[in-house]
Structure formats: C-alpha cells, structure tokens
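So this one's protein11.csv, CSV, C-alpha atoms:
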```
chain,number,residue,atom,x,y,z
A,1,MET,CA,57.4,115.7,-18.5
A,2,ASP,CA,56.8,112.1,-17.6
A,3,LYS,CA,58.1,111.3,-14.1
A,4,HIS,CA,60.2,108.3,-15.3
A,5,LEU,CA,61.7,110.3,-18.2
A,6,TYR,CA,62.6,113.2,-15.8
A,7,LEU,CA,64.2,110.7,-13.4
A,8,TYR,CA,66.2,109.2,-16.2
A,9,HIS,CA,67.6,112.6,-17.3
A,10,THR,CA,68.4,113.5,-13.7
A,11,VAL,CA,70.4,110.3,-13.2
A,12,GLU,CA,72.2,110.7,-16.6
A,13,LEU,CA,73.2,114.3,-15.8
A,14,ALA,CA,74.5,113.3,-12.3
A,15,SER,CA,76.5,110.5,-13.9
A,16,ARG,CA,78.2,112.9,-16.3
A,17,LEU,CA,79.0,115.3,-13.6
A,18,LEU,CA,80.6,112.6,-11.5
A,19,THR,CA,82.5,111.0,-14.4
A,20,PHE,CA,84.1,114.2,-15.7
A,21,PRO,CA,86.4,115.0,-12.7
A,22,LEU,CA,87.5,111.4,-12.6
A,23,LEU,CA,88.6,111.5,-16.2
A,24,PHE,CA,90.3,114.9,-15.6
A,25,ALA,CA,92.2,113.5,-12.6
A,26,HIS,CA,93.5,110.5,-14.5
A,27,ASN,CA,94.2,111.9,-18.0
A,28,ILE,CA,95.5,115.5,-17.4
A,29,PHE,CA,98.5,116.4,-15.3
A,30,MET,CA,98.0,119.0,-12.5
A,31,ALA,CA,100.1,122.2,-12.5
A,32,LEU,CA,103.6,122.0,-11.1
A,33,THR,CA,105.1,124.3,-8.6
A,34,LYS,CA,108.5,125.8,-9.5
A,35,ARG,CA,110.2,123.5,-6.9
A,36,GLN,CA,108.4,120.4,-8.2
A,37,LYS,CA,109.6,121.2,-11.7
A,38,GLU,CA,113.1,121.6,-10.5
A,39,VAL,CA,112.9,118.1,-8.9
A,40,LEU,CA,111.6,116.5,-12.1
A,41,ASP,CA,114.2,118.2,-14.2
A,42,PHE,CA,117.0,117.2,-11.8
A,43,ILE,CA,115.9,113.6,-12.0
A,44,ALA,CA,115.6,113.7,-15.8
A,45,ASP,CA,119.0,115.3,-16.2
A,46,PHE,CA,120.6,112.8,-13.8
A,47,VAL,CA,119.2,109.8,-15.7
A,48,GLU,CA,120.3,111.2,-19.0
A,49,GLU,CA,123.8,111.7,-17.7
A,50,ASN,CA,124.2,108.5,-15.6
A,51,GLY,CA,121.8,106.0,-17.0
A,52,TYR,CA,120.1,105.5,-13.6
A,53,SER,CA,118.0,107.7,-11.2
A,54,PRO,CA,119.4,109.6,-8.3
A,55,SER,CA,119.2,108.5,-4.7
A,56,TYR,CA,117.2,110.7,-2.2
A,57,GLU,CA,120.5,111.8,-0.8
A,58,GLU,CA,121.7,113.0,-4.2
A,59,LEU,CA,118.4,114.8,-4.8
A,60,ALA,CA,118.7,116.6,-1.4
A,61,GLN,CA,122.3,117.6,-2.1
A,62,GLY,CA,121.8,118.5,-5.8
A,63,LEU,CA,118.7,120.7,-5.1
A,64,LYS,CA,120.0,122.0,-1.7
A,65,LEU,CA,117.0,120.7,0.1
A,66,ALA,CA,117.1,120.8,3.9
A,67,SER,CA,116.3,117.2,4.6
A,68,LEU,CA,115.3,113.8,3.2
A,69,ALA,CA,111.8,114.4,4.6
A,70,THR,CA,111.5,117.3,2.2
A,71,VAL,CA,112.6,115.1,-0.7
A,72,HIS,CA,110.0,112.5,0.3
A,73,LYS,CA,107.3,115.2,0.3
A,74,HIS,CA,108.1,116.4,-3.2
A,75,ILE,CA,108.3,112.8,-4.5
A,76,GLN,CA,104.9,111.9,-3.0
A,77,ALA,CA,103.3,115.1,-4.5
A,78,LEU,CA,104.7,114.3,-8.0
A,79,GLU,CA,103.5,110.7,-7.7
A,80,SER,CA,100.0,111.9,-6.9
A,81,ARG,CA,100.0,114.1,-10.0
A,82,ASN,CA,101.2,111.3,-12.2
A,83,TYR,CA,104.5,113.0,-13.1
A,84,LEU,CA,106.7,110.4,-11.3
A,85,ARG,CA,106.6,106.7,-10.5
A,86,ARG,CA,108.5,104.7,-7.9
A,87,LEU,CA,109.3,101.1,-8.4
A,88,PHE,CA,108.9,99.4,-5.1
A,89,ASN,CA,111.7,97.2,-3.6
A,90,GLN,CA,114.3,98.7,-5.9
A,91,SER,CA,116.9,101.3,-5.1
A,92,ARG,CA,117.2,104.3,-7.5
A,93,SER,CA,113.8,103.5,-8.8
A,94,LEU,CA,112.4,107.0,-9.7
A,95,GLU,CA,110.9,107.2,-13.2
A,96,VAL,CA,109.8,110.4,-14.8
A,97,SER,CA,106.6,110.0,-16.8
A,98,ALA,CA,106.9,109.7,-20.6
A,99,LYS,CA,104.4,112.6,-21.0
A,100,TYR,CA,106.6,115.0,-19.1
A,101,MET,CA,109.7,113.9,-21.0
A,102,GLN,CA,107.9,114.6,-24.3
A,103,GLU,CA,106.8,118.0,-23.1
A,104,ARG,CA,110.4,118.7,-21.9
A,105,ARG,CA,111.8,117.8,-25.3
A,106,ARG,CA,109.2,119.8,-27.1
A,107,SER,CA,110.0,122.8,-24.9
A,108,ARG,CA,113.7,122.5,-25.6
A,109,GLN,CA,113.1,122.4,-29.4
A,110,THR,CA,110.8,125.4,-29.3
A,111,THR,CA,113.4,127.4,-27.3
A,112,HIS,CA,116.2,126.5,-29.8
A,113,LEU,CA,114.1,127.5,-32.8
A,114,GLY,CA,113.4,130.8,-31.1
A,115,GLU,CA,117.1,131.8,-30.7
A,116,VAL,CA,119.0,134.0,-33.0
A,117,PRO,CA,122.7,135.0,-32.7
A,118,LEU,CA,123.5,138.3,-31.0
A,119,ALA,CA,126.1,139.4,-33.5
A,120,GLY,CA,127.5,142.4,-31.7
A,121,ARG,CA,126.7,146.1,-31.2
A,122,ILE,CA,125.7,148.6,-33.9
A,123,ALA,CA,126.2,152.4,-33.8
A,124,ALA,CA,123.2,154.7,-34.1
A,125,GLY,CA,125.5,157.7,-33.9
A,126,ALA,CA,129.0,157.7,-35.5
A,127,PRO,CA,129.8,154.3,-37.2
A,128,VAL,CA,131.7,151.8,-35.0
A,129,GLU,CA,133.1,148.4,-35.8
A,130,ALA,CA,130.5,145.7,-35.5
A,131,ILE,CA,132.0,142.7,-33.6
A,132,GLU,CA,130.3,139.3,-33.7
A,133,GLY,CA,129.7,137.6,-30.3
A,134,GLN,CA,128.6,134.2,-29.1
A,135,ASP,CA,125.4,135.2,-27.3
A,136,VAL,CA,121.9,134.6,-28.5
A,137,LEU,CA,118.5,136.3,-28.0
A,138,GLN,CA,115.1,134.7,-28.3
A,139,PHE,CA,112.8,136.2,-30.9
A,140,ALA,CA,110.4,133.3,-31.4
A,141,ASP,CA,107.6,135.6,-32.5
A,142,PHE,CA,109.7,137.1,-35.3
A,143,ALA,CA,112.6,134.9,-36.3
A,144,GLY,CA,111.4,132.5,-38.9
A,145,SER,CA,114.6,132.2,-40.9
A,146,VAL,CA,118.2,131.3,-40.4
A,147,GLU,CA,119.0,134.6,-42.2
A,148,THR,CA,117.9,136.6,-39.1
A,149,PHE,CA,120.3,138.0,-36.5
A,150,ALA,CA,120.2,140.5,-33.6
A,151,LEU,CA,122.2,143.7,-32.9
A,152,GLN,CA,122.3,145.9,-29.8
A,153,VAL,CA,122.0,149.6,-30.6
A,154,THR,CA,124.4,152.3,-29.2
A,155,GLY,CA,123.9,156.0,-29.7
A,156,GLU,CA,120.9,158.2,-30.4
A,157,SER,CA,120.8,158.9,-34.1
A,158,MET,CA,117.6,156.8,-34.6
A,159,ILE,CA,115.5,158.1,-31.6
A,160,ASP,CA,112.9,159.8,-33.8
A,161,ASP,CA,112.1,156.3,-35.1
A,162,HIS,CA,111.8,155.1,-31.4
A,163,ILE,CA,115.0,153.2,-31.6
A,164,MET,CA,116.9,154.0,-28.4
A,165,HIS,CA,120.4,153.4,-27.0
A,166,GLY,CA,120.4,149.9,-25.5
A,167,ASP,CA,117.6,148.6,-27.7
A,168,TYR,CA,117.9,145.4,-29.7
A,169,VAL,CA,117.1,145.3,-33.4
A,170,LEU,CA,116.1,142.1,-35.3
A,171,VAL,CA,117.7,142.1,-38.7
A,172,GLU,CA,117.0,140.1,-41.9
A,173,ARG,CA,120.2,139.4,-43.7
A,174,THR,CA,120.0,140.9,-47.2
A,175,GLN,CA,122.1,143.0,-49.6
A,176,GLN,CA,119.1,144.8,-51.1
A,177,ALA,CA,116.9,147.5,-49.5
A,178,SER,CA,114.3,150.0,-50.7
A,179,ASP,CA,114.5,153.7,-50.1
A,180,GLY,CA,113.4,154.6,-46.6
A,181,GLU,CA,114.1,151.2,-45.0
A,182,ILE,CA,116.2,151.0,-41.9
A,183,VAL,CA,119.3,149.1,-42.7
A,184,VAL,CA,122.6,147.9,-41.3
A,185,ALA,CA,125.1,149.5,-43.6
A,186,LEU,CA,128.8,148.6,-43.7
A,187,VAL,CA,130.8,151.7,-44.5
A,188,GLY,CA,134.2,151.3,-46.1
A,189,GLY,CA,134.2,147.6,-45.4
A,190,LEU,CA,135.0,148.0,-41.6
A,191,GLU,CA,132.4,150.2,-39.9
A,192,ALA,CA,128.7,149.5,-39.4
A,193,THR,CA,125.9,151.9,-38.7
A,194,LEU,CA,122.1,151.8,-38.4
A,195,LYS,CA,120.3,154.3,-40.7
A,196,ARG,CA,117.5,154.8,-43.2
A,197,ILE,CA,118.8,154.3,-46.7
A,198,TYR,CA,118.1,156.5,-49.8
A,199,HIS,CA,119.6,156.1,-53.3
A,200,GLU,CA,120.6,159.5,-54.6
A,201,ALA,CA,121.5,160.8,-58.1
A,202,GLY,CA,125.1,160.3,-59.3
A,203,ASN,CA,125.3,156.8,-57.8
A,204,ARG,CA,125.3,158.2,-54.2
A,205,ILE,CA,123.9,156.7,-51.0
A,206,ARG,CA,122.4,158.8,-48.3
A,207,LEU,CA,122.3,157.2,-44.8
A,208,GLN,CA,119.7,159.3,-43.0
A,209,PRO,CA,119.6,159.4,-39.2
A,210,ALA,CA,116.3,159.8,-37.4
A,211,ASN,CA,117.5,162.6,-35.2
A,212,SER,CA,116.9,166.2,-36.3
A,213,SER,CA,120.1,167.3,-34.6
A,214,MET,CA,122.3,165.1,-36.8
A,215,GLN,CA,123.3,165.4,-40.4
A,216,PRO,CA,123.0,162.6,-43.0
A,217,ILE,CA,126.0,160.6,-44.3
A,218,LEU,CA,126.5,160.9,-48.0
A,219,LEU,CA,128.7,158.4,-49.7
A,220,ASP,CA,129.5,156.8,-53.1
A,221,ALA,CA,127.5,153.6,-53.5
A,222,ASN,CA,130.6,151.5,-53.8
A,223,GLU,CA,131.6,152.6,-50.2
A,224,VAL,CA,128.3,151.2,-48.7
A,225,GLN,CA,127.4,147.5,-48.3
A,226,ILE,CA,123.9,146.7,-47.1
A,227,GLN,CA,124.2,143.9,-44.5
A,228,GLY,CA,120.5,143.6,-43.6
A,229,ARG,CA,117.2,145.5,-43.0
A,230,VAL,CA,115.5,145.9,-39.6
A,231,LEU,CA,112.4,143.7,-38.9
A,232,ALA,CA,111.7,144.6,-35.3
A,233,VAL,CA,112.9,146.4,-32.2
A,234,MET,CA,113.0,145.1,-28.7
A,235,ARG,CA,113.5,147.2,-25.5
A,236,LYS,CA,114.4,146.0,-22.0
A,237,TYR,CA,113.2,148.3,-19.3
A,238,ARG,CA,115.0,146.5,-16.5
```

Can you give me the file's structure in the form of structure tokens?
Amino acid sequence: MDKHLYLYHTVELASRLLTFPLLFAHNIFMALTKRQKEVLDFIADFVEENGYSPSYEELAQGLKLASLATVHKHIQALESRNYLRRLFNQSRSLEVSAKYMQERRRSRQTTHLGEVPLAGRIAAGAPVEAIEGQDVLQFADFAGSVETFALQVTGESMIDDHIMHGDYVLVERTQQASDGEIVVALVGGLEATLKRIYHEAGNRIRLQPANSSMQPILLDANEVQIQGRVLAVMRKYR
C-alpha cells in the first residue's frame, strides 16, 4: 500500500476512535444509581407539586440524607451525567433534564397499561363467594385488553393443571367457553369456582376439577354463568 494512503487511513481511523466516546458522553445519559434516581424523582415530584425546586435542606430532609455535603455530592454527580442543571446565582435553581422527564412519563404510562384489577379470590376447591377488591397486579406481557382481570386461587382442585393454592390467574372476561377450557364459573349467581368446563347431554354442565381425588360438579346449564376463561397463571415463590 502507498505510504501516504496508509498514513491517511491510520489518521482517519484514529479520528473515529477519538470522536466516538466524545459523542457518547454528550448524547447518551450514563446509568443512575438507585440513590441518584431517588434524588431526581424527589426533585421532579417536588416541582410538580409546588411549582419550584426544593432547597438542599428540603432534599436532605425529604430523602433522609445525613448532611448537606451528601446532597451536594449527588447534585454534582447528576450534573456531570446531564440529568440535572443548576442555574447559578439563583435559589431553588435545580432543573431536571427534559429527557429524563420524558422517560419518567413514558415509564409511568407503561406501568399503568400493564395493570389489571385484582378482583378478589377464587376457589379451586368448594365454591366460595368472589369479592371484588381495589388492588391491581401487573401483567404487561399478557394483558392487552380492558376485559382482562386477575384472581388469586384458593384450594387444590386444579393442582394437576399446575394451578396451586396462592397462584394468580389472569382471566379474559367472556360468557362463552369451549369444552376443556379453564373457566371462572359463577354457580347459582353467588358462588364462583375455577374448573374445566364441559357441556353434557340434557343441557347439563360439568365443572371438572384437575385433582384425581375430587369429584366433578354437575349442574343444569341455567345454574352456571361463565365469567371468563383463564389466559395465564402466575406464581410467587417468596
């Protein structure tokens, strides 16, 4: 290779290697520690509530920080990462970056869309009354419809289908189900149970437990109302 051409490519490559980290430092935020995120969120919440930024004393008190020196340390670190800006010669001059505020709003929206109502507890043994509550569970990977809700399982009648006592089932609200589907069935208008459903001759419904030690529940079809069918099961181990 020509000596001058080789020198040109060497200089060009060095230039690219030197330029890349500079662009990275200026255009992409560095990772936050848990404490730094708490500081940013405290400032953002304070501004939203009061219309102005908190003082260092209010930051220390609100976050239970040991000293104002610790507050200064966090503020300087956030400034160096472009998450925060201080306006000089002004009190209460902390300003959270627009990029972080956008990410924060996006995160809140994602969390909200991933929530479904925890409607109560459902029996997987003898039927019990299903009572609606106010709690929510997050099933962002499964819940794509407002017609989705969650129930917590009690009892052991579905253990052969790997649905255990204490599990949560994600349910699609519907009044129709095919034979063999796991459904939430309302019995007699008051009691709810979790079973596989089968339509039998003579306008009868069989609610089949998934536990070889338990007998199926046989009822007239007009005594059973399908409330939904199971989409997924979630288990907490601790």

So that I can see what lies close to Pro216 in chain A, please list as a VMD selection string the residues with an atom at most 12 Å from it, counting all atoms listed in the file and leaving out residues fewer than 4 positions away in the same chain. chain A and resid 124 to 126 157 to 158 193 to 198 205 to 212

Can you write just those residues out, C-alpha atoms, as an mmCIF file, keeping the file's coordinate frame?
```
data_model
loop_
_atom_site.group_PDB
_atom_site.id
_atom_site.type_symbol
_atom_site.label_atom_id
_atom_site.label_comp_id
_atom_site.auth_asym_id
_atom_site.auth_seq_id
_atom_site.Cartn_x
_atom_site.Cartn_y
_atom_site.Cartn_z
ATOM 1 C CA ALA A 124 123.200 154.700 -34.100
ATOM 2 C CA GLY A 125 125.500 157.700 -33.900
ATOM 3 C CA ALA A 126 129.000 157.700 -35.500
ATOM 4 C CA SER A 157 120.800 158.900 -34.100
ATOM 5 C CA MET A 158 117.600 156.800 -34.600
ATOM 6 C CA THR A 193 125.900 151.900 -38.700
ATOM 7 C CA LEU A 194 122.100 151.800 -38.400
ATOM 8 C CA LYS A 195 120.300 154.300 -40.700
ATOM 9 C CA ARG A 196 117.500 154.800 -43.200
ATOM 10 C CA ILE A 197 118.800 154.300 -46.700
ATOM 11 C CA TYR A 198 118.100 156.500 -49.800
ATOM 12 C CA ILE A 205 123.900 156.700 -51.000
ATOM 13 C CA ARG A 206 122.400 158.800 -48.300
ATOM 14 C CA LEU A 207 122.300 157.200 -44.800
ATOM 15 C CA GLN A 208 119.700 159.300 -43.000
ATOM 16 C CA PRO A 209 119.600 159.400 -39.200
ATOM 17 C CA ALA A 210 116.300 159.800 -37.400
ATOM 18 C CA ASN A 211 117.500 162.600 -35.200
ATOM 19 C CA SER A 212 116.900 166.200 -36.300
#
```

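Using all atoms listed in the file, the smallest distance between any of A:His199, A:Arg121, A:His162, A:Arg86 and Val184 in chain A comes from A:Arg121.
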
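Coordinates place CA of Arg104 in chain A at a distance of 22.3 Å from CA of Tyr56 in chain A.
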
Distance of CA of His74 in chain A from CA of Gln102 in chain A, expressed in Å to one decimal place: 21.2 Å

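With all atoms listed in the file as the atoms that count, the residue of A:Asp167, A:Glu223, A:Glu48, A:Glu200 with the shortest distance to Thr154 in chain A is A:Asp167.
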
In terms of only C-alpha atoms, the residue from A:Val233, A:Ala201, A:Leu94, A:Leu218 at minimal distance from Asp161 in chain A is A:Val233

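Among the candidates A:Arg105, A:Asp160, A:Thr33, A:Phe46, the one nearest to Ser213 in chain A when counting only C-alpha atoms is A:Asp160.
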
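In this structure, CA of Gln225 in chain A sits 10.0 Å away from CA of Val183 in chain A.
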
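Proximity ranking of A:Met101, A:Ile122, A:Leu84, A:Ile182 relative to His165 in chain A places A:Ile122 first, based on all atoms listed in the file.
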
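Every protein, DNA or RNA residue with an atom at most 9 Å from range 66-70 of chain A, where only C-alpha atoms count and chain neighbours fewer than 6 positions away do not, is listed here: Tyr56, Glu57, Leu59 and Ala60 of chain A.
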
Could you take the residues named above and write them with C-alpha atoms, as a PDB file, keeping the file's coordinate frame?
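Final output, saved to out-v4.pdb:
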```
ATOM      1  CA  TYR A  56     117.200 110.700  -2.200  1.00  0.00           C
ATOM      2  CA  GLU A  57     120.500 111.800  -0.800  1.00  0.00           C
ATOM      3  CA  LEU A  59     118.400 114.800  -4.800  1.00  0.00           C
ATOM      4  CA  ALA A  60     118.700 116.600  -1.400  1.00  0.00           C
TER       5      ALA A  60
END
```

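Of the residues under consideration (A:Ile163, A:Val39, A:Val153, A:Val47), A:Val39 shows the shortest atom-to-atom contact distance to Lys64 in chain A when counting all atoms listed in the file.
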